[in-house]
Structures are given as structure tokens and as C-alpha cells.
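*Asks:* Sharing work01.tsv, TSV, N, CA and C atoms:
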```tsv
chain	number	residue	atom	x	y	z
A	1	MET	N	-47.72	17.86	-25.44
A	1	MET	CA	-47.29	18.28	-24.15
A	1	MET	C	-46.21	17.34	-23.65
A	2	ARG	N	-45.13	17.92	-23.13
A	2	ARG	CA	-44.03	17.11	-22.62
A	2	ARG	C	-44.24	16.86	-21.14
A	3	THR	N	-43.79	15.69	-20.72
A	3	THR	CA	-43.89	15.35	-19.31
A	3	THR	C	-42.50	15.43	-18.69
A	4	LEU	N	-42.38	16.13	-17.61
A	4	LEU	CA	-41.10	16.23	-16.90
A	4	LEU	C	-41.10	15.25	-15.73
A	5	ALA	N	-39.96	14.69	-15.46
A	5	ALA	CA	-39.84	13.78	-14.33
A	5	ALA	C	-40.01	14.55	-13.04
A	6	LYS	N	-40.62	13.91	-12.09
A	6	LYS	CA	-40.77	14.53	-10.78
A	6	LYS	C	-39.40	14.68	-10.15
A	7	PRO	N	-39.18	15.72	-9.34
A	7	PRO	CA	-37.87	15.92	-8.72
A	7	PRO	C	-37.39	14.69	-7.93
A	8	SER	N	-38.29	14.00	-7.24
A	8	SER	CA	-37.86	12.84	-6.45
A	8	SER	C	-37.41	11.70	-7.37
A	9	ALA	N	-38.05	11.53	-8.50
A	9	ALA	CA	-37.65	10.48	-9.45
A	9	ALA	C	-36.31	10.83	-10.07
A	10	LEU	N	-36.12	12.11	-10.39
A	10	LEU	CA	-34.86	12.56	-10.97
A	10	LEU	C	-33.72	12.39	-9.97
A	11	LYS	N	-33.97	12.73	-8.72
A	11	LYS	CA	-32.97	12.57	-7.67
A	11	LYS	C	-32.58	11.11	-7.52
A	12	GLY	N	-33.55	10.22	-7.57
A	12	GLY	CA	-33.28	8.78	-7.48
A	12	GLY	C	-32.43	8.29	-8.63
A	13	ALA	N	-32.71	8.78	-9.83
A	13	ALA	CA	-31.94	8.38	-11.01
A	13	ALA	C	-30.50	8.89	-10.91
A	14	ILE	N	-30.32	10.10	-10.42
A	14	ILE	CA	-28.97	10.65	-10.25
A	14	ILE	C	-28.21	9.85	-9.21
A	15	ASN	N	-28.85	9.51	-8.09
A	15	ASN	CA	-28.20	8.71	-7.05
A	15	ASN	C	-27.80	7.33	-7.59
A	16	ALA	N	-28.67	6.72	-8.37
A	16	ALA	CA	-28.36	5.40	-8.94
A	16	ALA	C	-27.18	5.50	-9.90
A	17	ALA	N	-27.13	6.56	-10.70
A	17	ALA	CA	-26.02	6.74	-11.63
A	17	ALA	C	-24.72	6.96	-10.87
A	18	ALA	N	-24.76	7.74	-9.80
A	18	ALA	CA	-23.56	7.99	-9.00
A	18	ALA	C	-23.07	6.71	-8.35
A	19	LEU	N	-23.99	5.89	-7.84
A	19	LEU	CA	-23.61	4.62	-7.22
A	19	LEU	C	-22.99	3.69	-8.25
A	20	THR	N	-23.56	3.62	-9.42
A	20	THR	CA	-23.01	2.77	-10.49
A	20	THR	C	-21.60	3.23	-10.86
A	21	ALA	N	-21.41	4.54	-10.99
A	21	ALA	CA	-20.08	5.07	-11.32
A	21	ALA	C	-19.08	4.74	-10.22
A	22	ALA	N	-19.48	4.85	-8.96
A	22	ALA	CA	-18.58	4.54	-7.84
A	22	ALA	C	-18.20	3.07	-7.85
A	23	LEU	N	-19.13	2.18	-8.16
A	23	LEU	CA	-18.83	0.76	-8.19
A	23	LEU	C	-17.89	0.42	-9.34
A	24	LEU	N	-18.00	1.12	-10.46
A	24	LEU	CA	-17.11	0.88	-11.58
A	24	LEU	C	-15.70	1.36	-11.30
A	25	VAL	N	-15.54	2.40	-10.50
A	25	VAL	CA	-14.23	2.96	-10.19
A	25	VAL	C	-13.55	2.17	-9.07
A	26	ALA	N	-14.28	1.60	-8.15
A	26	ALA	CA	-13.72	0.95	-6.96
A	26	ALA	C	-12.65	-0.11	-7.28
A	27	PRO	N	-12.85	-1.03	-8.24
A	27	PRO	CA	-11.80	-2.02	-8.48
A	27	PRO	C	-10.49	-1.41	-8.94
A	28	VAL	N	-10.53	-0.33	-9.69
A	28	VAL	CA	-9.30	0.31	-10.14
A	28	VAL	C	-8.57	0.92	-8.96
A	29	ALA	N	-9.30	1.57	-8.06
A	29	ALA	CA	-8.67	2.19	-6.90
A	29	ALA	C	-8.04	1.14	-6.00
A	30	SER	N	-8.69	0.00	-5.82
A	30	SER	CA	-8.15	-1.02	-4.93
A	30	SER	C	-6.88	-1.64	-5.48
A	31	ALA	N	-6.66	-1.55	-6.79
A	31	ALA	CA	-5.45	-2.12	-7.38
A	31	ALA	C	-4.21	-1.36	-6.94
A	32	LEU	N	-4.38	-0.12	-6.49
A	32	LEU	CA	-3.25	0.68	-6.08
A	32	LEU	C	-3.25	0.95	-4.57
A	33	ASP	N	-3.94	0.11	-3.81
A	33	ASP	CA	-3.99	0.30	-2.37
A	33	ASP	C	-2.59	0.37	-1.79
A	34	ASP	N	-2.42	1.25	-0.83
A	34	ASP	CA	-1.14	1.34	-0.15
A	34	ASP	C	-1.13	0.37	1.01
A	35	SER	N	0.05	-0.09	1.38
A	35	SER	CA	0.20	-1.08	2.44
A	35	SER	C	1.24	-0.62	3.43
A	36	LYS	N	1.18	-1.19	4.62
A	36	LYS	CA	2.10	-0.82	5.68
A	36	LYS	C	2.77	-2.07	6.24
A	37	VAL	N	4.08	-1.94	6.51
A	37	VAL	CA	4.85	-2.96	7.21
A	37	VAL	C	5.38	-2.28	8.47
A	38	THR	N	5.08	-2.85	9.62
A	38	THR	CA	5.59	-2.28	10.86
A	38	THR	C	6.82	-3.05	11.32
A	39	ILE	N	7.67	-2.35	12.04
A	39	ILE	CA	8.86	-2.95	12.63
A	39	ILE	C	8.66	-2.89	14.14
A	40	ASP	N	8.62	-4.06	14.76
A	40	ASP	CA	8.39	-4.12	16.21
A	40	ASP	C	9.01	-5.40	16.74
A	41	ASN	N	9.69	-5.30	17.86
A	41	ASN	CA	10.34	-6.46	18.49
A	41	ASN	C	11.28	-7.17	17.51
A	42	PHE	N	12.06	-6.40	16.77
A	42	PHE	CA	13.05	-6.92	15.83
A	42	PHE	C	12.42	-7.83	14.77
A	43	ALA	N	11.23	-7.44	14.29
A	43	ALA	CA	10.55	-8.23	13.25
A	43	ALA	C	9.74	-7.30	12.35
A	44	PHE	N	9.62	-7.69	11.07
A	44	PHE	CA	8.76	-7.00	10.12
A	44	PHE	C	7.39	-7.67	10.14
A	45	THR	N	6.32	-6.88	10.25
A	45	THR	CA	4.97	-7.43	10.27
A	45	THR	C	4.10	-6.66	9.29
A	46	PRO	N	3.51	-7.33	8.29
A	46	PRO	CA	3.67	-8.75	7.99
A	46	PRO	C	5.05	-9.02	7.40
A	47	ASN	N	5.47	-10.26	7.55
A	47	ASN	CA	6.79	-10.67	7.07
A	47	ASN	C	6.81	-10.75	5.54
A	48	VAL	N	5.70	-11.17	4.96
A	48	VAL	CA	5.53	-11.22	3.50
A	48	VAL	C	4.24	-10.47	3.19
A	49	ILE	N	4.33	-9.56	2.22
A	49	ILE	CA	3.17	-8.78	1.83
A	49	ILE	C	3.04	-8.83	0.31
A	50	THR	N	1.80	-8.93	-0.17
A	50	THR	CA	1.53	-8.95	-1.61
A	50	THR	C	0.76	-7.70	-1.98
A	51	VAL	N	1.26	-7.00	-3.01
A	51	VAL	CA	0.64	-5.75	-3.46
A	51	VAL	C	0.51	-5.77	-4.98
A	52	LYS	N	-0.27	-4.85	-5.50
A	52	LYS	CA	-0.43	-4.68	-6.95
A	52	LYS	C	0.65	-3.72	-7.46
A	53	PRO	N	1.01	-3.79	-8.74
A	53	PRO	CA	1.96	-2.82	-9.29
A	53	PRO	C	1.46	-1.39	-9.08
A	54	GLY	N	2.37	-0.52	-8.68
A	54	GLY	CA	2.03	0.87	-8.41
A	54	GLY	C	1.74	1.15	-6.96
A	55	ALA	N	1.67	0.12	-6.13
A	55	ALA	CA	1.37	0.31	-4.71
A	55	ALA	C	2.56	0.93	-3.98
A	56	VAL	N	2.26	1.71	-2.97
A	56	VAL	CA	3.28	2.29	-2.09
A	56	VAL	C	3.25	1.50	-0.79
A	57	VAL	N	4.41	0.98	-0.40
A	57	VAL	CA	4.53	0.29	0.88
A	57	VAL	C	5.27	1.21	1.84
A	58	THR	N	4.67	1.43	3.00
A	58	THR	CA	5.27	2.26	4.04
A	58	THR	C	5.80	1.35	5.13
A	59	PHE	N	7.08	1.52	5.45
A	59	PHE	CA	7.72	0.81	6.55
A	59	PHE	C	7.76	1.78	7.73
A	60	GLU	N	7.28	1.35	8.89
A	60	GLU	CA	7.25	2.22	10.07
A	60	GLU	C	7.89	1.52	11.25
A	61	ASN	N	8.88	2.17	11.86
A	61	ASN	CA	9.61	1.60	12.98
A	61	ASN	C	8.89	1.90	14.29
A	62	HIS	N	8.49	0.86	15.01
A	62	HIS	CA	7.86	1.01	16.32
A	62	HIS	C	8.80	0.57	17.43
A	63	ASP	N	10.01	0.14	17.08
A	63	ASP	CA	10.98	-0.26	18.10
A	63	ASP	C	11.64	0.97	18.72
A	64	ASP	N	12.27	0.76	19.86
A	64	ASP	CA	12.98	1.83	20.55
A	64	ASP	C	14.38	2.07	19.99
A	65	ILE	N	14.81	1.24	19.05
A	65	ILE	CA	16.14	1.39	18.46
A	65	ILE	C	16.01	1.53	16.95
A	66	PRO	N	17.02	2.09	16.29
A	66	PRO	CA	16.94	2.29	14.84
A	66	PRO	C	16.98	0.98	14.05
A	67	HIS	N	16.35	1.04	12.88
A	67	HIS	CA	16.38	-0.05	11.89
A	67	HIS	C	16.48	0.61	10.51
A	68	SER	N	16.94	-0.14	9.54
A	68	SER	CA	16.93	0.36	8.17
A	68	SER	C	16.37	-0.72	7.26
A	69	ILE	N	15.89	-0.30	6.11
A	69	ILE	CA	15.29	-1.21	5.13
A	69	ILE	C	16.23	-1.27	3.93
A	70	VAL	N	16.71	-2.47	3.61
A	70	VAL	CA	17.66	-2.64	2.51
A	70	VAL	C	17.15	-3.73	1.58
A	71	ASP	N	16.99	-3.39	0.30
A	71	ASP	CA	16.61	-4.38	-0.71
A	71	ASP	C	17.82	-5.27	-1.00
A	72	ALA	N	17.61	-6.58	-0.98
A	72	ALA	CA	18.71	-7.53	-1.21
A	72	ALA	C	19.35	-7.34	-2.58
A	73	ALA	N	18.59	-6.83	-3.56
A	73	ALA	CA	19.12	-6.62	-4.91
A	73	ALA	C	19.67	-5.19	-5.08
A	74	GLY	N	19.63	-4.39	-4.03
A	74	GLY	CA	20.20	-3.05	-4.09
A	74	GLY	C	19.32	-1.99	-4.73
A	75	LYS	N	18.02	-2.24	-4.87
A	75	LYS	CA	17.13	-1.27	-5.53
A	75	LYS	C	16.69	-0.14	-4.61
A	76	PHE	N	16.67	-0.37	-3.31
A	76	PHE	CA	16.33	0.69	-2.37
A	76	PHE	C	17.05	0.46	-1.05
A	77	HIS	N	17.24	1.56	-0.31
A	77	HIS	CA	17.93	1.52	0.97
A	77	HIS	C	17.49	2.75	1.77
A	78	SER	N	16.98	2.53	2.96
A	78	SER	CA	16.55	3.65	3.79
A	78	SER	C	17.70	4.14	4.65
A	79	LYS	N	17.52	5.31	5.20
A	79	LYS	CA	18.42	5.77	6.26
A	79	LYS	C	18.03	5.00	7.52
A	80	ALA	N	18.77	5.14	8.59
A	80	ALA	CA	18.39	4.53	9.87
A	80	ALA	C	17.10	5.19	10.34
A	81	LEU	N	16.09	4.38	10.59
A	81	LEU	CA	14.78	4.88	11.01
A	81	LEU	C	14.69	4.84	12.53
A	82	ASP	N	14.52	5.99	13.15
A	82	ASP	CA	14.30	6.04	14.60
A	82	ASP	C	12.86	5.67	14.90
A	83	THR	N	12.50	5.62	16.16
A	83	THR	CA	11.15	5.26	16.57
A	83	THR	C	10.13	6.17	15.89
A	84	ASN	N	9.14	5.54	15.27
A	84	ASN	CA	8.04	6.18	14.56
A	84	ASN	C	8.43	6.81	13.22
A	85	ASP	N	9.69	6.68	12.80
A	85	ASP	CA	10.07	7.13	11.46
A	85	ASP	C	9.49	6.18	10.42
A	86	THR	N	9.28	6.71	9.21
A	86	THR	CA	8.75	5.89	8.11
A	86	THR	C	9.64	6.00	6.89
A	87	PHE	N	9.51	4.99	6.03
A	87	PHE	CA	10.22	4.94	4.75
A	87	PHE	C	9.25	4.35	3.75
A	88	GLN	N	9.10	4.98	2.59
A	88	GLN	CA	8.15	4.51	1.58
A	88	GLN	C	8.85	4.09	0.30
A	89	VAL	N	8.32	3.01	-0.28
A	89	VAL	CA	8.82	2.51	-1.56
A	89	VAL	C	7.61	2.28	-2.46
A	90	THR	N	7.69	2.75	-3.71
A	90	THR	CA	6.67	2.47	-4.70
A	90	THR	C	7.14	1.28	-5.52
A	91	PHE	N	6.31	0.25	-5.60
A	91	PHE	CA	6.64	-0.97	-6.33
A	91	PHE	C	5.87	-0.99	-7.65
A	92	ASP	N	6.56	-0.59	-8.73
A	92	ASP	CA	5.92	-0.50	-10.04
A	92	ASP	C	5.98	-1.79	-10.85
A	93	GLN	N	7.02	-2.58	-10.65
A	93	GLN	CA	7.24	-3.78	-11.47
A	93	GLN	C	6.87	-5.06	-10.72
A	94	PRO	N	6.15	-5.98	-11.39
A	94	PRO	CA	5.86	-7.27	-10.76
A	94	PRO	C	7.16	-8.01	-10.41
A	95	GLY	N	7.11	-8.79	-9.36
A	95	GLY	CA	8.27	-9.57	-8.94
A	95	GLY	C	8.29	-9.74	-7.43
A	96	GLU	N	9.37	-10.34	-6.95
A	96	GLU	CA	9.56	-10.54	-5.52
A	96	GLU	C	10.75	-9.70	-5.08
A	97	TYR	N	10.57	-8.96	-4.00
A	97	TYR	CA	11.59	-8.07	-3.48
A	97	TYR	C	11.92	-8.49	-2.05
A	98	ASN	N	13.07	-9.13	-1.88
A	98	ASN	CA	13.53	-9.53	-0.56
A	98	ASN	C	14.26	-8.36	0.07
A	99	TYR	N	13.99	-8.12	1.34
A	99	TYR	CA	14.66	-7.02	2.03
A	99	TYR	C	15.05	-7.47	3.43
A	100	TYR	N	15.91	-6.68	4.06
A	100	TYR	CA	16.37	-6.98	5.42
A	100	TYR	C	16.70	-5.67	6.13
A	101	CYS	N	16.92	-5.76	7.43
A	101	CYS	CA	17.36	-4.60	8.20
A	101	CYS	C	18.86	-4.49	8.04
A	102	GLY	N	19.34	-3.34	7.61
A	102	GLY	CA	20.77	-3.13	7.42
A	102	GLY	C	21.56	-3.09	8.72
A	103	LEU	N	20.86	-2.94	9.84
A	103	LEU	CA	21.53	-2.90	11.15
A	103	LEU	C	21.40	-4.22	11.89
A	104	HIS	N	20.43	-5.03	11.50
A	104	HIS	CA	20.18	-6.33	12.16
A	104	HIS	C	19.82	-7.33	11.06
A	105	SER	N	20.83	-7.94	10.47
A	105	SER	CA	20.62	-8.73	9.24
A	105	SER	C	19.73	-9.95	9.41
A	106	HIS	N	19.45	-10.35	10.65
A	106	HIS	CA	18.55	-11.50	10.85
A	106	HIS	C	17.08	-11.10	10.60
A	107	MET	N	16.80	-9.81	10.56
A	107	MET	CA	15.44	-9.34	10.28
A	107	MET	C	15.24	-9.32	8.77
A	108	ARG	N	14.30	-10.14	8.28
A	108	ARG	CA	14.09	-10.26	6.83
A	108	ARG	C	12.60	-10.21	6.51
A	109	GLY	N	12.31	-9.77	5.28
A	109	GLY	CA	10.93	-9.73	4.81
A	109	GLY	C	10.90	-9.78	3.30
A	110	LYS	N	9.68	-9.81	2.76
A	110	LYS	CA	9.52	-9.90	1.31
A	110	LYS	C	8.27	-9.14	0.88
A	111	VAL	N	8.40	-8.42	-0.23
A	111	VAL	CA	7.26	-7.79	-0.91
A	111	VAL	C	7.07	-8.51	-2.22
A	112	ILE	N	5.86	-9.03	-2.44
A	112	ILE	CA	5.52	-9.69	-3.71
A	112	ILE	C	4.61	-8.73	-4.46
A	113	VAL	N	5.01	-8.38	-5.68
A	113	VAL	CA	4.20	-7.51	-6.53
A	113	VAL	C	3.61	-8.37	-7.63
A	114	ALA	N	2.28	-8.52	-7.57
A	114	ALA	CA	1.58	-9.39	-8.52
A	114	ALA	C	0.45	-8.62	-9.19
A	115	PRO	N	0.31	-8.78	-10.51
A	115	PRO	CA	-0.78	-8.08	-11.21
A	115	PRO	C	-2.16	-8.52	-10.74
```
Would you put the structure from the file into C-alpha cells?

*Replies:*
Amino acid sequence: MRTLAKPSALKGAINAAALTAALLVAPVASALDDSKVTIDNFAFTPNVITVKPGAVVTFENHDDIPHSIVDAAGKFHSKALDTNDTFQVTFDQPGEYNYYCGLHSHMRGKVIVAP
């Protein structure tokens, strides 16, 4: 005679397996977390941000005047961003990316992409 697991025991085993699978997937998902840089009071916040390769960084203008995002090495350049406009860049390669506002060159920031 075969013994079958009780439904409550089976449900517990399924829940435990699902939790284990979720914990195994979580570190991979966090490696690609997206990040945000806000523009407010003529400053980028945070001024320096560190992300993993593959992360998308969103720049969002909260000032009342336009700003643009320009990579110092010429790899990306946004249009003029009005209030609440956004610009996204995907950073696939490790390295340091210095950027500035193309309309106000004293505004500077850096994205560090580290494995």
C-alpha cells in the first residue's frame, strides 16, 4: 500500500520550494537594478552612482529650466530635458562615465559601472 502525503504537507513542501527558488533568483535580479539620478537646484543627485553592468540609469529633471545629459567621452547625449522629462542610458560595460549638463557645464556627475 502506498502512502500519499497529506495536502497540508504537500502545500508546505511546494511553498518551501517556491521560497528557495525565489531566494536563488534574487541575487541575479539585483545585479541589474535600475537607478535614478535627479536634477534639482542645478545639481545631479546622487552626484556619483555605482551600478552593475546592464543597469539602466534614468535621469529626471526636477528643475524649472531645461538641462541636458552629456557624456564627457561622447557616448551619449540627451535632448534638452524640460521639467519632469527623463532620459535613460543602459550601462553595459564596466568603467567610469563622467557626464555634465550641456547647458550648464558646472553641473557634473559620474556613473561607475562595476561587476

*Asks:* Within 6.5 Å of region 90-104 of chain A, counting all atoms listed in the file, which residues qualify if same-chain residues fewer than 3 places away don't, as a PyMOL selection string?

*Replies:* chain A and resi 52-57+67-73+107-115

*Asks:* Any chance you could export the current selection's N, CA and C atoms as a PDB file, keeping the file's coordinate frame?

*Replies:*
```
ATOM      1  N   LYS A  52      -0.270  -4.850  -5.500  1.00  0.00           N
ATOM      2  CA  LYS A  52      -0.430  -4.680  -6.950  1.00  0.00           C
ATOM      3  C   LYS A  52       0.650  -3.720  -7.460  1.00  0.00           C
ATOM      4  N   PRO A  53       1.010  -3.790  -8.740  1.00  0.00           N
ATOM      5  CA  PRO A  53       1.960  -2.820  -9.290  1.00  0.00           C
ATOM      6  C   PRO A  53       1.460  -1.390  -9.080  1.00  0.00           C
ATOM      7  N   GLY A  54       2.370  -0.520  -8.680  1.00  0.00           N
ATOM      8  CA  GLY A  54       2.030   0.870  -8.410  1.00  0.00           C
ATOM      9  C   GLY A  54       1.740   1.150  -6.960  1.00  0.00           C
ATOM     10  N   ALA A  55       1.670   0.120  -6.130  1.00  0.00           N
ATOM     11  CA  ALA A  55       1.370   0.310  -4.710  1.00  0.00           C
ATOM     12  C   ALA A  55       2.560   0.930  -3.980  1.00  0.00           C
ATOM     13  N   VAL A  56       2.260   1.710  -2.970  1.00  0.00           N
ATOM     14  CA  VAL A  56       3.280   2.290  -2.090  1.00  0.00           C
ATOM     15  C   VAL A  56       3.250   1.500  -0.790  1.00  0.00           C
ATOM     16  N   VAL A  57       4.410   0.980  -0.400  1.00  0.00           N
ATOM     17  CA  VAL A  57       4.530   0.290   0.880  1.00  0.00           C
ATOM     18  C   VAL A  57       5.270   1.210   1.840  1.00  0.00           C
ATOM     19  N   HIS A  67      16.350   1.040  12.880  1.00  0.00           N
ATOM     20  CA  HIS A  67      16.380  -0.050  11.890  1.00  0.00           C
ATOM     21  C   HIS A  67      16.480   0.610  10.510  1.00  0.00           C
ATOM     22  N   SER A  68      16.940  -0.140   9.540  1.00  0.00           N
ATOM     23  CA  SER A  68      16.930   0.360   8.170  1.00  0.00           C
ATOM     24  C   SER A  68      16.370  -0.720   7.260  1.00  0.00           C
ATOM     25  N   ILE A  69      15.890  -0.300   6.110  1.00  0.00           N
ATOM     26  CA  ILE A  69      15.290  -1.210   5.130  1.00  0.00           C
ATOM     27  C   ILE A  69      16.230  -1.270   3.930  1.00  0.00           C
ATOM     28  N   VAL A  70      16.710  -2.470   3.610  1.00  0.00           N
ATOM     29  CA  VAL A  70      17.660  -2.640   2.510  1.00  0.00           C
ATOM     30  C   VAL A  70      17.150  -3.730   1.580  1.00  0.00           C
ATOM     31  N   ASP A  71      16.990  -3.390   0.300  1.00  0.00           N
ATOM     32  CA  ASP A  71      16.610  -4.380  -0.710  1.00  0.00           C
ATOM     33  C   ASP A  71      17.820  -5.270  -1.000  1.00  0.00           C
ATOM     34  N   ALA A  72      17.610  -6.580  -0.980  1.00  0.00           N
ATOM     35  CA  ALA A  72      18.710  -7.530  -1.210  1.00  0.00           C
ATOM     36  C   ALA A  72      19.350  -7.340  -2.580  1.00  0.00           C
ATOM     37  N   ALA A  73      18.590  -6.830  -3.560  1.00  0.00           N
ATOM     38  CA  ALA A  73      19.120  -6.620  -4.910  1.00  0.00           C
ATOM     39  C   ALA A  73      19.670  -5.190  -5.080  1.00  0.00           C
ATOM     40  N   MET A 107      16.800  -9.810  10.560  1.00  0.00           N
ATOM     41  CA  MET A 107      15.440  -9.340  10.280  1.00  0.00           C
ATOM     42  C   MET A 107      15.240  -9.320   8.770  1.00  0.00           C
ATOM     43  N   ARG A 108      14.300 -10.140   8.280  1.00  0.00           N
ATOM     44  CA  ARG A 108      14.090 -10.260   6.830  1.00  0.00           C
ATOM     45  C   ARG A 108      12.600 -10.210   6.510  1.00  0.00           C
ATOM     46  N   GLY A 109      12.310  -9.770   5.280  1.00  0.00           N
ATOM     47  CA  GLY A 109      10.930  -9.730   4.810  1.00  0.00           C
ATOM     48  C   GLY A 109      10.900  -9.780   3.300  1.00  0.00           C
ATOM     49  N   LYS A 110       9.680  -9.810   2.760  1.00  0.00           N
ATOM     50  CA  LYS A 110       9.520  -9.900   1.310  1.00  0.00           C
ATOM     51  C   LYS A 110       8.270  -9.140   0.880  1.00  0.00           C
ATOM     52  N   VAL A 111       8.400  -8.420  -0.230  1.00  0.00           N
ATOM     53  CA  VAL A 111       7.260  -7.790  -0.910  1.00  0.00           C
ATOM     54  C   VAL A 111       7.070  -8.510  -2.220  1.00  0.00           C
ATOM     55  N   ILE A 112       5.860  -9.030  -2.440  1.00  0.00           N
ATOM     56  CA  ILE A 112       5.520  -9.690  -3.710  1.00  0.00           C
ATOM     57  C   ILE A 112       4.610  -8.730  -4.460  1.00  0.00           C
ATOM     58  N   VAL A 113       5.010  -8.380  -5.680  1.00  0.00           N
ATOM     59  CA  VAL A 113       4.200  -7.510  -6.530  1.00  0.00           C
ATOM     60  C   VAL A 113       3.610  -8.370  -7.630  1.00  0.00           C
ATOM     61  N   ALA A 114       2.280  -8.520  -7.570  1.00  0.00           N
ATOM     62  CA  ALA A 114       1.580  -9.390  -8.520  1.00  0.00           C
ATOM     63  C   ALA A 114       0.450  -8.620  -9.190  1.00  0.00           C
ATOM     64  N   PRO A 115       0.310  -8.780 -10.510  1.00  0.00           N
ATOM     65  CA  PRO A 115      -0.780  -8.080 -11.210  1.00  0.00           C
ATOM     66  C   PRO A 115      -2.160  -8.520 -10.740  1.00  0.00           C
TER      67      PRO A 115
END
```

*Asks:* Work out how far CA of Ile65 (chain A) is from CA of Thr50 (chain A), in Å to one decimal.

*Replies:*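 Pair CA of Thr50 (chain A) / CA of Ile65 (chain A) returns 26.9 Å.
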
*Asks:* What's around Asn84 (chain A) at 5 Å? Count only N, CA and C atoms, leave out sequence neighbours fewer than 2 positions away in its own chain, and write the answer as a PyMOL selection string.

*Replies:* chain A and resi 61-62+82+86

*Asks:* What does the distance between CA of Val51 (chain A) and CA of Pro66 (chain A) come to in Å, to one decimal place?

*Replies:* 25.8 Å

*Asks:* Could you please determine the separation between atom N of Val89 (chain A) and atom C of Asp64 (chain A) in Å, to one decimal place?

*Replies:*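 Between these atoms lies a distance of 21.2 Å.
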
*Asks:* Can you tell me, as a PyMOL selection string, what residues are no more than 5 Å from Asp63 (chain A) when counting only N, CA and C atoms, ignoring any on the same chain fewer than 6 positions away?

*Replies:* chain A and resi 39-40+83
